[in-house]
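Student: Take a look at query_9.cif, mmCIF, C-alpha atoms:
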data_input
loop_
_atom_site.label_atom_id
_atom_site.label_comp_id
_atom_site.auth_asym_id
_atom_site.auth_seq_id
_atom_site.Cartn_x
_atom_site.Cartn_y
_atom_site.Cartn_z
CA MET Z 14 104.84 111.11 60.90
CA ALA Z 15 108.38 111.83 61.95
CA HIS Z 16 110.05 109.23 64.16
CA SER Z 17 113.54 108.99 65.54
CA ALA Z 18 115.90 106.39 64.12
CA ARG Z 19 115.04 102.82 65.03
CA THR Z 20 117.46 100.72 66.97
CA THR Z 21 117.72 96.97 67.35
CA ALA Z 22 119.05 96.82 70.92
CA PRO Z 23 117.16 94.09 72.79
CA PHE Z 24 115.31 94.55 76.03
CA SER Z 25 117.62 93.73 78.93
CA LEU Z 26 115.86 92.60 82.09
CA ASP Z 27 119.03 92.93 84.15
CA ALA Z 28 119.59 96.51 83.00
CA TYR Z 29 115.96 97.39 83.65
CA LEU Z 30 116.01 95.98 87.19
CA GLU Z 31 119.24 97.82 87.94
CA ARG Z 32 117.70 101.07 86.66
CA ILE Z 33 114.70 100.81 88.98
CA GLY Z 34 116.79 99.57 91.90
CA TRP Z 35 114.83 96.35 92.36
CA GLN Z 36 116.64 93.69 94.41
CA GLY Z 37 113.69 91.63 95.57
CA GLY Z 38 114.06 88.76 93.12
CA TRP Z 39 112.23 88.15 89.87
CA ARG Z 40 109.30 85.78 90.24
CA ALA Z 41 105.94 85.59 88.53
CA ASP Z 42 103.90 86.36 91.64
CA PRO Z 43 101.75 89.27 92.90
CA ASP Z 44 104.31 90.50 95.46
CA THR Z 45 106.98 90.89 92.78
CA LEU Z 46 104.51 92.62 90.46
CA ARG Z 47 103.60 95.12 93.21
CA GLY Z 48 107.19 95.76 94.17
CA VAL Z 49 108.45 96.24 90.64
CA GLN Z 50 105.63 98.63 89.71
CA LEU Z 51 106.32 100.87 92.72
CA ALA Z 52 110.08 100.71 92.14
CA HIS Z 53 109.60 101.75 88.50
CA LEU Z 54 107.44 104.71 89.50
CA ARG Z 55 109.97 105.95 92.03
CA ALA Z 56 112.97 105.49 89.74
CA ILE Z 57 111.91 106.83 86.33
CA PRO Z 58 110.18 110.24 86.16
CA PHE Z 59 107.23 111.17 84.00
CA GLU Z 60 108.04 113.89 81.47
CA ASN Z 61 106.99 115.24 78.08
CA LEU Z 62 110.13 117.12 77.00
CA ASP Z 63 110.39 115.43 73.59
CA ALA Z 64 106.83 116.50 72.75
CA LEU Z 65 107.56 120.00 74.09
CA GLY Z 66 110.42 120.10 71.60
CA GLY Z 67 108.04 119.33 68.74
CA ARG Z 68 108.63 115.65 68.08
CA ALA Z 69 106.95 112.38 68.95
CA PRO Z 70 109.24 110.20 71.08
CA SER Z 71 110.13 106.82 69.63
CA LEU Z 72 108.27 103.84 71.05
CA ASP Z 73 110.80 101.37 69.70
CA LEU Z 74 111.88 99.20 72.61
CA GLY Z 75 115.58 99.69 71.91
CA ASP Z 76 115.13 103.46 71.89
CA LEU Z 77 113.18 103.29 75.15
CA MET Z 78 115.99 101.30 76.75
CA ALA Z 79 118.48 103.93 75.60
CA LYS Z 80 116.42 106.83 76.93
CA LEU Z 81 114.72 105.55 80.09
CA VAL Z 82 117.10 102.82 81.24
CA HIS Z 83 120.63 103.52 80.02
CA GLY Z 84 120.16 107.30 79.78
CA ARG Z 85 119.49 107.63 83.52
CA ARG Z 86 118.71 111.35 83.43
CA ARG Z 87 115.50 111.25 81.39
CA GLY Z 88 111.96 109.93 81.73
CA GLY Z 89 108.97 109.67 79.44
CA TYR Z 90 105.20 109.76 79.24
CA CYS Z 91 102.59 107.02 79.26
CA TYR Z 92 103.32 105.26 75.95
CA GLU Z 93 107.02 105.12 76.76
CA HIS Z 94 106.64 103.98 80.36
CA ASN Z 95 104.00 101.35 79.74
CA THR Z 96 105.63 99.98 76.58
CA LEU Z 97 108.81 99.44 78.60
CA PHE Z 98 106.90 98.01 81.57
CA ALA Z 99 104.95 95.62 79.33
CA ALA Z 100 108.25 94.20 78.10
CA ALA Z 101 109.39 93.74 81.69
CA LEU Z 102 106.15 91.99 82.64
CA GLU Z 103 106.39 89.67 79.67
CA ALA Z 104 109.96 88.84 80.68
CA LEU Z 105 108.53 87.98 84.09
CA GLY Z 106 106.16 85.54 82.44
CA ALA Z 107 102.98 87.61 82.59
CA ARG Z 108 100.43 87.77 79.81
CA VAL Z 109 99.97 91.45 78.97
CA THR Z 110 97.06 93.16 77.22
CA ARG Z 111 97.74 96.70 76.09
CA LEU Z 112 94.78 99.04 76.58
CA THR Z 113 93.78 102.59 75.76
CA ALA Z 114 91.77 104.79 78.10
CA ARG Z 115 89.91 108.08 78.10
CA VAL Z 116 91.42 110.49 80.64
CA VAL Z 117 88.30 111.82 82.35
CA VAL Z 118 89.63 113.89 85.27
CA GLY Z 119 87.25 116.85 85.46
CA ALA Z 120 85.14 115.70 82.49
CA ASP Z 121 81.35 116.09 82.51
CA ARG Z 122 80.92 113.46 79.78
CA PHE Z 123 83.36 110.61 79.32
CA ALA Z 124 82.62 110.40 75.59
CA ASP Z 125 84.00 113.94 75.12
CA ARG Z 126 87.50 112.68 75.89
CA PRO Z 127 89.39 110.63 73.27
CA ARG Z 128 91.31 107.47 74.11
CA THR Z 129 94.79 108.87 74.56
CA HIS Z 130 96.17 107.03 77.61
CA MET Z 131 97.97 103.68 77.55
CA ALA Z 132 97.37 101.23 80.41
CA LEU Z 133 97.98 97.50 80.84
CA LEU Z 134 96.25 94.35 82.02
CA ALA Z 135 98.59 91.70 83.42
CA GLU Z 136 97.76 88.05 84.06
CA LEU Z 137 100.20 85.98 86.11
CA PRO Z 138 100.64 82.22 85.77
CA GLY Z 139 98.37 80.46 88.25
CA ASP Z 140 96.36 83.61 89.05
CA PRO Z 141 93.04 83.77 87.16
CA ARG Z 142 92.47 87.46 87.98
CA PRO Z 143 93.76 90.07 85.54
CA HIS Z 144 95.31 93.10 87.22
CA LEU Z 145 95.26 96.69 86.01
CA VAL Z 146 98.84 97.95 86.03
CA ASP Z 147 100.03 101.40 85.03
CA VAL Z 148 103.35 103.21 85.43
CA GLY Z 149 102.57 106.05 83.04
CA PHE Z 150 99.62 108.07 84.35
CA GLY Z 151 101.02 111.48 85.18
CA THR Z 152 98.80 112.64 88.04
CA VAL Z 153 98.66 112.51 91.81
CA GLY Z 154 95.75 110.07 91.41
CA SER Z 155 97.80 107.44 89.59
CA LEU Z 156 98.02 103.80 90.64
CA LEU Z 157 101.09 102.90 92.67
CA GLU Z 158 100.46 99.14 92.67
CA PRO Z 159 98.47 96.72 90.49
CA VAL Z 160 94.80 96.28 91.37
CA PRO Z 161 92.61 93.30 90.41
CA LEU Z 162 90.03 93.96 87.72
CA THR Z 163 87.19 93.83 90.26
CA ALA Z 164 84.31 96.31 90.47
CA ASP Z 165 83.20 98.24 93.55
CA THR Z 166 86.09 97.23 95.79
CA GLU Z 167 88.40 99.74 97.45
CA PHE Z 168 92.13 99.10 97.17
CA HIS Z 169 94.90 100.66 99.22
CA ASP Z 170 98.07 100.92 97.15
CA ALA Z 171 101.21 102.29 98.84
CA GLY Z 172 99.26 104.97 100.70
CA ARG Z 173 96.72 105.83 98.00
CA ARG Z 174 93.11 104.68 97.69
CA HIS Z 175 91.57 103.49 94.43
CA ARG Z 176 88.57 101.58 93.18
CA LEU Z 177 87.21 100.36 89.86
CA VAL Z 178 83.58 100.93 88.94
CA HIS Z 179 81.47 100.36 85.84
CA ALA Z 180 80.01 103.17 83.76
CA PRO Z 181 77.26 102.95 81.13
CA HIS Z 182 78.24 103.36 77.49
CA ARG Z 183 77.05 102.20 74.07
CA GLY Z 184 79.75 99.67 73.27
CA PRO Z 185 79.56 95.87 73.58
CA LEU Z 186 82.28 95.64 76.26
CA GLU Z 187 82.01 96.77 79.87
CA MET Z 188 83.34 100.24 80.56
CA TRP Z 189 85.64 100.32 83.58
CA VAL Z 190 86.49 103.53 85.42
CA LEU Z 191 89.50 103.96 87.69
CA GLU Z 192 88.66 106.27 90.58
CA ALA Z 193 91.07 107.77 93.10
CA HIS Z 194 90.20 109.10 96.55
CA VAL Z 195 91.43 112.70 96.33
CA ALA Z 196 90.74 115.54 98.77
CA GLY Z 197 88.10 113.52 100.62
CA ASP Z 198 86.08 112.35 97.62
CA TRP Z 199 86.19 109.79 94.80
CA GLU Z 200 87.35 111.27 91.50
CA ALA Z 201 87.27 109.49 88.13
CA GLN Z 202 90.75 109.23 86.57
CA TYR Z 203 90.28 107.29 83.34
CA ALA Z 204 87.79 105.00 81.63
CA PHE Z 205 88.63 101.96 79.53
CA THR Z 206 87.42 98.69 78.04
CA THR Z 207 89.50 95.53 77.82
CA GLU Z 208 89.82 95.58 74.02
CA PRO Z 209 93.50 94.93 73.14
CA PHE Z 210 95.43 97.58 71.20
CA GLU Z 211 98.52 97.13 69.06
CA PRO Z 212 101.82 99.03 68.71
CA SER Z 213 100.57 100.57 65.45
CA ASP Z 214 97.66 102.12 67.37
CA TYR Z 215 100.00 103.77 69.85
CA GLU Z 216 102.20 105.12 67.06
CA VAL Z 217 99.22 107.13 65.81
CA ILE Z 218 98.06 108.27 69.26
CA ASN Z 219 101.61 109.14 70.31
CA TRP Z 220 102.16 111.28 67.23
CA HIS Z 221 98.86 113.08 67.75
CA ILE Z 222 99.50 113.87 71.42
CA ALA Z 223 103.09 114.98 70.81
CA THR Z 224 102.55 117.15 67.73
CA ASN Z 225 98.99 118.50 67.82
CA PRO Z 226 99.32 122.19 68.76
CA ARG Z 227 96.19 121.86 70.91
CA SER Z 228 97.72 119.10 73.01
CA PRO Z 229 98.78 120.30 76.47
CA PHE Z 230 101.88 118.10 76.20
CA ALA Z 231 103.02 120.10 73.16
CA ARG Z 232 102.62 123.45 74.89
CA ARG Z 233 104.16 123.29 78.36
CA PRO Z 234 106.48 121.12 80.45
CA TYR Z 235 104.65 118.50 82.48
CA VAL Z 236 106.96 116.51 84.74
CA GLN Z 237 106.36 114.43 87.82
CA ARG Z 238 108.44 112.42 90.23
CA LEU Z 239 107.34 110.06 92.99
CA THR Z 240 109.35 109.67 96.19
CA PRO Z 241 108.47 107.75 99.36
CA ASP Z 242 107.55 111.06 100.98
CA ALA Z 243 105.92 113.11 98.23
CA HIS Z 244 104.57 113.53 94.72
CA LEU Z 245 106.37 116.31 92.85
CA LEU Z 246 104.82 118.06 89.86
CA PHE Z 247 106.38 120.64 87.53
CA ASP Z 248 103.58 122.04 85.35
CA GLY Z 249 104.40 125.06 83.22
CA ALA Z 250 106.22 127.27 85.71
CA ARG Z 251 104.43 125.78 88.73
CA LEU Z 252 106.12 123.46 91.19
CA VAL Z 253 103.61 121.50 93.29
CA VAL Z 254 104.56 119.14 96.13
CA THR Z 255 101.91 116.82 97.62
CA ARG Z 256 103.04 115.09 100.80
CA THR Z 257 102.38 111.40 101.27
CA GLY Z 258 100.12 110.62 104.20
CA ASP Z 259 98.40 113.88 105.13
CA GLY Z 260 98.11 115.15 101.55
CA THR Z 261 99.55 118.58 102.37
CA VAL Z 262 100.10 120.60 99.19
CA THR Z 263 102.66 123.36 98.73
CA GLU Z 264 103.03 125.34 95.54
CA GLY Z 265 105.59 127.74 94.10
CA LYS Z 266 106.81 129.08 90.78
CA VAL Z 267 110.15 129.08 89.04
CA ALA Z 268 111.39 132.51 88.05
CA ASP Z 269 113.12 131.89 84.73
CA GLU Z 270 114.54 129.36 82.30
CA ALA Z 271 117.75 128.83 84.27
CA GLU Z 272 115.84 128.07 87.46
CA ALA Z 273 113.52 125.70 85.59
CA ARG Z 274 116.52 123.69 84.41
CA ARG Z 275 118.01 123.64 87.90
CA VAL Z 276 114.71 122.40 89.38
CA LEU Z 277 114.40 119.62 86.81
CA ALA Z 278 117.98 118.51 87.46
CA ALA Z 279 117.94 118.72 91.26
CA GLU Z 280 114.36 117.73 92.13
CA PHE Z 281 113.38 115.45 89.24
CA GLY Z 282 116.68 113.96 88.12
CA ILE Z 283 116.19 115.17 84.55
CA ASP Z 284 118.69 116.89 82.27
CA ALA Z 285 116.59 118.94 79.84
CA PRO Z 286 117.78 118.70 76.21
CA GLU Z 287 120.05 121.50 75.02
CA GLY Z 288 118.24 124.15 73.02
CA LEU Z 289 114.79 123.31 74.44
CA THR Z 290 112.80 126.28 75.76
CA LEU Z 291 110.94 125.14 78.86
CA LEU Z 292 108.96 128.25 79.79
CA ARG Z 293 106.60 129.42 77.03
#
Rewrite the structure from the file as structure tokens, please.
Tutor:
Amino acid sequence: MAHSARTTAPFSLDAYLERIGWQGGWRADPDTLRGVQLAHLRAIPFENLDALGGRAPSLDLGDLMAKLVHGRRRGGYCYEHNTLFAAALEALGARVTRLTARVVVGADRFADRPRTHMALLAELPGDPRPHLVDVGFGTVGSLLEPVPLTADTEFHDAGRRHRLVHAPHRGPLEMWVLEAHVAGDWEAQYAFTTEPFEPSDYEVINWHIATNPRSPFARRPYVQRLTPDAHLLFDGARLVVTRTGDGTVTEGKVADEAEARRVLAAEFGIDAPEGLTLLR
């Protein structure tokens, strides 16, 4: 596996909070957890440009600080976002369990999808309920706020609707499924158990997703940005805008490489690396 050079720069809570624009204080309580998750999602875009360039992005915390926090004009995908967010939650005083999930949007059988998504469980001091938290799921059905690990209860998170349900499977642990209310119906997003995973596990999964020629992240740009008014998606040459509230969707296409770079810079706040071909 090829990895970028490791750094030893420590995680800086102050720098992270400045990057996401959070000024609401830093306390180990549910309100802070909700606010910080939403602020992170609105501040740091989702993008796969390192994988599109043929390399697995580093998951070293110092490298993530350099790219997502100090770099300002880049984002990352799930392993990067949730590794960084886990460090922030632990600085808050939360107990964090790192999970892997099967992305099952559109799947007929959950078992056909490998565990390739990173999500988190957070437990706050004095609160016995673990919460599912996730700042790295790159779809319009992603969680915007933490939700308690409770089955068959609908949650409203910053204008979206989610619920957790159980699904049958052969393993010894309960299988949880995150569902989002999309286009008038409940749609499964990802399925997971609460087995903890380690950084070494994500190194392997990250390398596979970034470098396998069959991975969609290795073949086309996939970028999203969340604003208070809309969810923006750049997928291949498509630009899709889903409005908050009424769910109105508009779609267009970029004409060429130069326009793709302009769209990423102006609409997503991302400076694409020099020499990277965006449109394949």
Student: Got a sec to check which residues sit within 9 Å of (117.1, 101.3, 90.5), counting all atoms listed in the file, and write them as a ChimeraX atom specification?
Tutor: /Z:29-36,52-53,55-57
Student: I need the residue set behind the PyMOL selection byres ((chain Z and resi 91) around 7) for this file; please write it as a list in words.
Tutor: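 Selected by the PyMOL selection byres ((chain Z and resi 91) around 7) here: Gly89, Tyr90, Tyr92, Glu93, His94, Asn95, His130, Met131, Gly149 and Phe150 of chain Z.
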Student: Rounded to one decimal place, report the CA of Ala278 in chain Z-CA of Ala101 in chain Z distance in Å.
Tutor: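 Atom-to-atom, CA of Ala278 in chain Z to CA of Ala101 in chain Z, that is 26.8 Å.
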Student: Once the PyMOL selection byres ((chain Z and resi 181) around 12) is applied to the coordinates I shared, what remains selected? I want it as a short mmCIF file (atom, residue, chain, number, x, y, z; two decimals) with C-alpha atoms, keeping the file's coordinate frame.
Tutor:
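Writing done, so here's out_16.cif:
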data_model
loop_
_atom_site.label_atom_id
_atom_site.label_comp_id
_atom_site.auth_asym_id
_atom_site.auth_seq_id
_atom_site.Cartn_x
_atom_site.Cartn_y
_atom_site.Cartn_z
CA ARG Z 122 80.92 113.46 79.78
CA PHE Z 123 83.36 110.61 79.32
CA ALA Z 124 82.62 110.40 75.59
CA VAL Z 178 83.58 100.93 88.94
CA HIS Z 179 81.47 100.36 85.84
CA ALA Z 180 80.01 103.17 83.76
CA HIS Z 182 78.24 103.36 77.49
CA ARG Z 183 77.05 102.20 74.07
CA GLY Z 184 79.75 99.67 73.27
CA PRO Z 185 79.56 95.87 73.58
CA LEU Z 186 82.28 95.64 76.26
CA GLU Z 187 82.01 96.77 79.87
CA MET Z 188 83.34 100.24 80.56
CA TRP Z 189 85.64 100.32 83.58
CA VAL Z 190 86.49 103.53 85.42
CA ALA Z 204 87.79 105.00 81.63
CA PHE Z 205 88.63 101.96 79.53
CA THR Z 206 87.42 98.69 78.04
#
Student: I want to know what sits within 12 Å of Trp39 in chain Z, based on only C-alpha atoms, with residues of the same chain fewer than 6 positions away left out; could you give that as a ChimeraX atom specification?
Tutor: /Z:26-27,29-30,45-49,101-107
Student: Restricting the output to C-alpha atoms, write the selected residues as a CSV table (one decimal), in the coordinates of the input.
Tutor:
chain,number,residue,atom,x,y,z
Z,26,LEU,CA,115.9,92.6,82.1
Z,27,ASP,CA,119.0,92.9,84.2
Z,29,TYR,CA,116.0,97.4,83.6
Z,30,LEU,CA,116.0,96.0,87.2
Z,45,THR,CA,107.0,90.9,92.8
Z,46,LEU,CA,104.5,92.6,90.5
Z,47,ARG,CA,103.6,95.1,93.2
Z,48,GLY,CA,107.2,95.8,94.2
Z,49,VAL,CA,108.4,96.2,90.6
Z,101,ALA,CA,109.4,93.7,81.7
Z,102,LEU,CA,106.2,92.0,82.6
Z,103,GLU,CA,106.4,89.7,79.7
Z,104,ALA,CA,110.0,88.8,80.7
Z,105,LEU,CA,108.5,88.0,84.1
Z,106,GLY,CA,106.2,85.5,82.4
Z,107,ALA,CA,103.0,87.6,82.6
Student: Using the chain letters and numbers from this file, what does the PyMOL selection byres ((chain Z and resi 142) around 12) select? Give the answer as a ChimeraX atom specification.
Tutor: /Z:43,107-108,134-141,143-145,159-163
Student: Just write the chosen residues, C-alpha atoms, as a short mmCIF file (atom, residue, chain, number, x, y, z; two decimals), in the frame of the given file.
Tutor:
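The file below, selection_0.cif, is the result:
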data_model
loop_
_atom_site.label_atom_id
_atom_site.label_comp_id
_atom_site.auth_asym_id
_atom_site.auth_seq_id
_atom_site.Cartn_x
_atom_site.Cartn_y
_atom_site.Cartn_z
CA PRO Z 43 101.75 89.27 92.90
CA ALA Z 107 102.98 87.61 82.59
CA ARG Z 108 100.43 87.77 79.81
CA LEU Z 134 96.25 94.35 82.02
CA ALA Z 135 98.59 91.70 83.42
CA GLU Z 136 97.76 88.05 84.06
CA LEU Z 137 100.20 85.98 86.11
CA PRO Z 138 100.64 82.22 85.77
CA GLY Z 139 98.37 80.46 88.25
CA ASP Z 140 96.36 83.61 89.05
CA PRO Z 141 93.04 83.77 87.16
CA PRO Z 143 93.76 90.07 85.54
CA HIS Z 144 95.31 93.10 87.22
CA LEU Z 145 95.26 96.69 86.01
CA PRO Z 159 98.47 96.72 90.49
CA VAL Z 160 94.80 96.28 91.37
CA PRO Z 161 92.61 93.30 90.41
CA LEU Z 162 90.03 93.96 87.72
CA THR Z 163 87.19 93.83 90.26
#
Student: Need the neighbours of (104.5, 118.3, 81.4): which residues are at most 10 Å away, counting all atoms listed in the file, as an mmCIF file with C-alpha atoms, in the coordinates of the input?
Tutor:
data_model
loop_
_atom_site.group_PDB
_atom_site.id
_atom_site.type_symbol
_atom_site.label_atom_id
_atom_site.label_comp_id
_atom_site.auth_asym_id
_atom_site.auth_seq_id
_atom_site.Cartn_x
_atom_site.Cartn_y
_atom_site.Cartn_z
ATOM 1 C CA PHE Z 59 107.230 111.170 84.000
ATOM 2 C CA GLU Z 60 108.040 113.890 81.470
ATOM 3 C CA ASN Z 61 106.990 115.240 78.080
ATOM 4 C CA LEU Z 62 110.130 117.120 77.000
ATOM 5 C CA ALA Z 64 106.830 116.500 72.750
ATOM 6 C CA LEU Z 65 107.560 120.000 74.090
ATOM 7 C CA GLY Z 89 108.970 109.670 79.440
ATOM 8 C CA TYR Z 90 105.200 109.760 79.240
ATOM 9 C CA GLY Z 151 101.020 111.480 85.180
ATOM 10 C CA PRO Z 229 98.780 120.300 76.470
ATOM 11 C CA PHE Z 230 101.880 118.100 76.200
ATOM 12 C CA ALA Z 231 103.020 120.100 73.160
ATOM 13 C CA ARG Z 232 102.620 123.450 74.890
ATOM 14 C CA ARG Z 233 104.160 123.290 78.360
ATOM 15 C CA PRO Z 234 106.480 121.120 80.450
ATOM 16 C CA TYR Z 235 104.650 118.500 82.480
ATOM 17 C CA VAL Z 236 106.960 116.510 84.740
ATOM 18 C CA GLN Z 237 106.360 114.430 87.820
ATOM 19 C CA LEU Z 246 104.820 118.060 89.860
ATOM 20 C CA PHE Z 247 106.380 120.640 87.530
ATOM 21 C CA ASP Z 248 103.580 122.040 85.350
ATOM 22 C CA GLY Z 249 104.400 125.060 83.220
ATOM 23 C CA LEU Z 291 110.940 125.140 78.860
#
Student: State, in Å with one decimal place, the distance from CA of Ile283 in chain Z to CA of Val195 in chain Z.
Tutor: 27.5 Å
Student: Please report the interatomic distance between CA of Trp220 in chain Z and CA of Leu81 in chain Z in Å with one decimal.
Tutor: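 According to the coordinates, CA of Trp220 in chain Z and CA of Leu81 in chain Z are separated by 18.9 Å.
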Student: Got a sec: who's within 9 Å of Asp63 in chain Z, counting all atoms listed in the file, leaving out chain neighbours fewer than 3 positions off, as a ChimeraX atom specification?
Tutor: /Z:60,66-70,89,223,231,286
Student: Could you list, as a ChimeraX atom specification, every residue within 12 Å of Pro212 in chain Z, counting only C-alpha atoms and ignoring same-chain residues fewer than 3 positions away?
Tutor: /Z:71-74,92-93,95-96,99,110-113,131,209,215-219
